[in-house]
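Here is the structure we will look at.
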Amino acid sequence: MKLDFLFIATVFTVSALDNPYGNWKPAGPNGVRGPCPMLNTLANHGFLPHNGKDITENDTVSALGSALNFDEEISRLMHKFAVSTNPAPNATTYSLNHLSRHNILEHDASLSRADAYFADPAIFNQTVFDQTRSYWKGPIVNLKEAVRSRLARLETSNATNPTFTLSALGKTFGLGEIAAYLAVLGDIPSATAIKARLVYFFENERLPVHLGWTKLSVLSKTDFTDMLQRVANATEKVSGEAVEPVKRDSIIGLHATLSE
Ligand code: HEM
């Protein structure tokens with residue numbers, strides 16, 4: 001009996017070490033989640049605190065590092081953005097629901113959430129996501145399709161939401177979210193992603209490991225800024241509208257916004 005227990009415990013431990021993505025659970029009754037499908041995913045997998053609360057800089061660096069191979073510099077910068085949504089003065093941590101506070105980082109015309117005017121942006125919205133994915137025509141999503149789907153979401157929000165707004169920061173975040181999913185879930189050189197993996201990720205807030213997804217070898221601020229520039233260029237090409245150029249030394253000057 002004792003030996004059986006030891007065997008089962010060992011098998012579980014070895015498989016958890018083997019597959020750090022294996023331990024997935026949606027939020028419990030006291031857990032919080034927010035509008036970022038990736039941070040929700042990392043909490044669901046237990047890379048971030050599972051309850052989604054009081055996330056420290058070390059938590060962010062360790063989660064983005066071990067789950068996705070983000071380097072420390074970009075992880076620290078992203079933590080800073082996240083903390084800017086915590087309503088407590090001089091906060092150093094954040095909870096995932098803080099990210100839903102409208103027009104700090106959270107913005108209208110999301111890819112998988114209704115605008116805050118209509119519903120809680122922490123909650124995945126199938127109708128909104130169906131509009132986004134209707135622009136992803138084949139099994140591989142390319143940069144143009146990714147950009148077109150965002151532009152369509154912007155048009156719809158603009159036409160239907162009487163309070164529609166998009167700040168400069170919101171615009172940049174919108175481009176950054178495309179850069180993020182293409183880089184992290186897709187392939188950087190070709191700026192494409194396998195549609196089934198994207199759909200699974202958005203709809204389940206879970207990493208598509210069973211569909212063959214593996215983490216990048218590393219993602220630095222420069223890698224991310226390069227991808228962001230490609231998304232900005234493609235947006236300009238598709239929409240015909242000028243898009244702010246990406247600043248090399250920061251993520252589109254967001255750094256400056258934070259330290260103002
Ligand atoms: C500490 C790190 C991060 C912070 C603070 C953060 C914050 C946010 C926030 C506030 C939103 C909501 C924007 C909106 O209104 O649509 C968002 C959306 C999003 N995030 Fe994150 N995020 C982080 C990391 C990541 C990473 C690593 C990825 C990689 C795939 C990612 C992918 C996305 C995507 C694809 C969306 C768009 C969701 C939608 O439009 O429905 N995020 N993020």
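Just remember, in the structure tokens the first chain shown is A, the second B, etc., residues are 1-based per chain, and ligands are 1-based in the order shown.
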Throw together the list of residues within 7 Å of ligand 1, counting only C-alpha atoms and all ligand atoms, and drop it here as a PyMOL selection string. chain A and resi 35-39+60+64+75+78-79+81-82+99-100+105-113+121+173-174+177-178+180-181+184-185
Residues flagged helix (DSSP H, G or I) by DSSP in segment 58-215 of chain A, as JSON, numbers by chain: {"A": [58, 59, 60, 61, 62, 63, 64, 65, 66, 67, 68, 72, 73, 74, 75, 76, 77, 78, 79, 80, 81, 82, 83, 96, 97, 98, 99, 100, 126, 127, 128, 129, 130, 131, 132, 133, 143, 144, 145, 146, 147, 148, 149, 150, 151, 152, 153, 154, 155, 156, 157, 158, 159, 160, 168, 169, 170, 171, 172, 173, 174, 175, 176, 177, 178, 179, 180, 181, 182, 183, 184, 185, 195, 196, 197, 198, 199, 200, 201, 202, 203, 204, 209, 210, 211]}
Separation of atom CA of Thr163 of chain A from atom CA of Ser134 of chain A in Å: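 Answer for the atom CA of Ser134 of chain A to atom CA of Thr163 of chain A separation: 25.2 Å.
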Mind checking DSSP for segment 35-240 of chain A and telling me the strand (DSSP E or B) residues as a count of residues only? 12
For Gly52 of chain A, find every residue with an atom within 8 Å (counting only C-alpha atoms), except residues of its own chain fewer than 2 positions away, and show them as a list in words.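 Neighbouring residues, sequence-local ones excluded: Gly31, Val32, Arg33, Asn40, Ala43, Leu48, Pro49, His50, Asp54, Ile55, Ser95, Leu96 and Asn97 of chain A.
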For Ser167 of chain A, which residue out of A:Asn30, A:Asn103, A:Asn58, A:Thr132 is the nearest one, using only C-alpha atoms?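 Closest candidate: A:Asn103.
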Which is closest to Trp24 of chain A among A:Leu207, A:Val243, A:Asp187, A:Gln229, if we use only C-alpha atoms?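 Residue with the minimum atom-to-atom distance to Trp24 of chain A: A:Leu207.
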If we count only C-alpha atoms, what is near segment 138-142 of chain A at a cut-off of 9 Å, once residues fewer than 2 positions away on the same chain are taken out, given as a list in words?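 Residues meeting the cut-off are Tyr135, Trp136, Lys144, Glu145, Ala146, Val147, Leu182, Gly186, Ser190, Ala191, Thr192, Ala193, Ile194, Lys195, Ala196 and Leu198 of chain A.
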